[in-house]
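Notes to accompany the following structure.
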Amino acid sequence: MDRVKSKSNRGSFWDIKSNLASTIETPWKAVSELLMYAVKPLAWIYLKMFCGVKIGKGYKFYGLPRVFRYRKSRIVIGECFENMNRWDSNPIGINHPTIICTWSSNAIIKIGNDVGISGGSMVAAKNIEIGDETLIGANTIIIDTDFHPLESLKRRYETNNVRSKGIVIGKNVFIGASCIILKGSKIPDNAIVPAGSVVRSNTKF
């Protein structure tokens with residue numbers, strides 16, 4: 001939390017100066033940084049006014065995510081959120097803009113301070129919680145529901161008896177690219193999840 005406060009206190013001038021200095025060493029980022037600042041007002045309008053998302057200050061969006069919020073559900077994003085959505089905003093490549101979706105009226109998605117997410121999908125029927133300073137690699141999927149019943153005869157059309165269980169991802173977790181985090185998963189603080197991993201409720205860390 002102290003880190004987030006200190007970053008916020010620097011102000012936008014320091015932030016812009018730091019980003020511009022970075023583009024001297026990595027000139028291919030120049031267009032991305034300029035587009036990021038251009039999209040800031042649009043991101044605020046889209047997320048807060050159209051999608052009903054509560055978001056803290058200091059956010060950076062490289063392209064817009066896709067947000068689908070079930071009526072009466074909650075999506076809360078902390079300060080200094082950084083989100084890559086354009087295909088060229090991450091050197092690994094983004095398959096599609098980040099999808100943030102609540103799948104029921106009681107669902108909650110809570111993203112902490114200073115979190116970075118590159119593409120991928122996040123769907124909560126119950127709850128998904130992501131701790132401060134966690135990094136989530138490109139094209140990772142986080143889903144707390146099976147979407148369909150497991151019983152074969154009811155699988156196609158049945159909407160009841162679908163298993164869902166909340167997901168908790170701790171603070172300062174590093175999740176590599178193209179991981180799948182399934183229902184009931186609990187990832188402790190400071191954990192590393194290797195790229196391409198599948199994490200279940202019984203996964204040990």
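The way I read the labels, and the way they are meant: chains A, B, ... in the order of the structure tokens, residue 1 as the first residue of every chain, and ligand 1 as the first ligand shown, with later ones counted on from there.
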
Neighbour list for Ile75 in chain A as a PyMOL selection string, cut-off 8 Å, only C-alpha atoms, skip fewer than 5 positions in-chain: chain A and resi 52-54+69+102+108-110

Residues of range 34-181 of chain A in helix (DSSP H, G or I) according to DSSP, as a list in words?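 Going through range 34-181 of chain A, the helix (DSSP H, G or I) residues come out as Leu34, Leu35, Met36, Tyr37, Ala38, Val39, Lys40, Pro41, Leu42, Ala43, Trp44, Ile45, Tyr46, Leu47, Lys48, Met49, Phe50, Ser152, Leu153 and Lys154 of chain A.
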
How would the residues just chosen look if you wrote them out with C-alpha atoms as a PDB file, in the first residue's frame?
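File produced: selection_32.pdb:
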ATOM      1  CA  LEU A  34       0.810   8.220 -26.535  1.00  0.00           C
ATOM      2  CA  LEU A  35      -2.302   6.113 -27.187  1.00  0.00           C
ATOM      3  CA  MET A  36      -2.489   5.208 -23.514  1.00  0.00           C
ATOM      4  CA  TYR A  37      -2.733   8.876 -22.513  1.00  0.00           C
ATOM      5  CA  ALA A  38      -5.206   9.555 -25.312  1.00  0.00           C
ATOM      6  CA  VAL A  39      -7.538   6.767 -24.161  1.00  0.00           C
ATOM      7  CA  LYS A  40      -7.541   7.759 -20.444  1.00  0.00           C
ATOM      8  CA  PRO A  41     -10.702   9.921 -20.585  1.00  0.00           C
ATOM      9  CA  LEU A  42     -12.496   7.348 -22.736  1.00  0.00           C
ATOM     10  CA  ALA A  43     -11.551   4.565 -20.314  1.00  0.00           C
ATOM     11  CA  TRP A  44     -13.023   6.527 -17.397  1.00  0.00           C
ATOM     12  CA  ILE A  45     -16.289   7.157 -19.251  1.00  0.00           C
ATOM     13  CA  TYR A  46     -16.581   3.556 -20.446  1.00  0.00           C
ATOM     14  CA  LEU A  47     -15.752   1.882 -17.126  1.00  0.00           C
ATOM     15  CA  LYS A  48     -17.488   4.174 -14.649  1.00  0.00           C
ATOM     16  CA  MET A  49     -20.450   5.548 -16.567  1.00  0.00           C
ATOM     17  CA  PHE A  50     -21.331   2.708 -18.942  1.00  0.00           C
ATOM     18  CA  SER A 152     -23.972 -35.465 -19.330  1.00  0.00           C
ATOM     19  CA  LEU A 153     -27.749 -35.518 -19.915  1.00  0.00           C
ATOM     20  CA  LYS A 154     -28.207 -31.987 -18.563  1.00  0.00           C
TER      21      LYS A 154
END

If DSSP is run on the backbone, what residues of chain A are strand (DSSP E)? A reply as a count of residues only would be ideal. 52

Identify, on the basis of only C-alpha atoms, every residue whose closest approach to Ile141 in chain A does not exceed 7 Å; exclude the query and any residue fewer than 4 positions from it along the same chain; express the result as a ChimeraX atom specification. /A:120-122,179-181

Close residues, Ile169 in chain A itself excluded, 12 Å, only C-alpha atoms, min 5 positions apart in chain, as a PyMOL selection string: chain A and resi 109-112+115+127-136+142+144+174-175+181-193+199+201

Give me the residues within 9 Å of Asp146 in chain A as a tab-separated table (two decimals) with N, CA and C atoms, in the first residue's frame, counting only C-alpha atoms and dropping any in the same chain fewer than 2 places off.
chain	number	residue	atom	x	y	z
A	143	ILE	N	-11.49	-18.30	-14.05
A	143	ILE	CA	-12.93	-18.55	-14.05
A	143	ILE	C	-13.32	-19.33	-12.79
A	144	ASP	N	-14.35	-18.86	-12.09
A	144	ASP	CA	-14.74	-19.52	-10.84
A	144	ASP	C	-15.97	-20.40	-11.00
A	148	HIS	N	-21.45	-25.02	-17.10
A	148	HIS	CA	-22.44	-26.05	-17.43
A	148	HIS	C	-22.43	-27.14	-16.36
A	149	PRO	N	-23.55	-27.84	-16.15
A	149	PRO	CA	-23.54	-29.00	-15.25
A	149	PRO	C	-22.60	-30.08	-15.79
A	150	LEU	N	-22.04	-30.86	-14.89
A	150	LEU	CA	-21.15	-31.94	-15.32
A	150	LEU	C	-21.91	-33.18	-15.74
A	162	VAL	N	-24.96	-25.83	-11.49
A	162	VAL	CA	-23.64	-25.53	-12.05
A	162	VAL	C	-22.69	-25.22	-10.90
A	163	ARG	N	-21.58	-25.88	-10.87
A	163	ARG	CA	-20.64	-25.71	-9.77
A	163	ARG	C	-19.84	-24.42	-9.92
A	164	SER	N	-19.80	-23.65	-8.84
A	164	SER	CA	-19.00	-22.42	-8.79
A	164	SER	C	-18.37	-22.32	-7.41
A	182	LEU	N	-8.74	-22.13	-12.17
A	182	LEU	CA	-10.10	-22.68	-12.09
A	182	LEU	C	-10.74	-22.44	-10.72
A	183	LYS	N	-12.02	-22.72	-10.64
A	183	LYS	CA	-12.83	-22.45	-9.45
A	183	LYS	C	-12.21	-23.03	-8.19

Which value, in Å to one decimal, gives the distance between CA of Leu64 in chain A and CA of Ser178 in chain A? 19.9 Å

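The space separating CA of Gly116 in chain A from CA of Arg71 in chain A comes to 25.9 Å.
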
Asn83 in chain A environment, 10 Å, only C-alpha atoms, sequence neighbours closer than 2 positions dropped, as number ranges by chain: A: 59-65, 80-81, 85-86, 89, 97-98, 115-119, 136
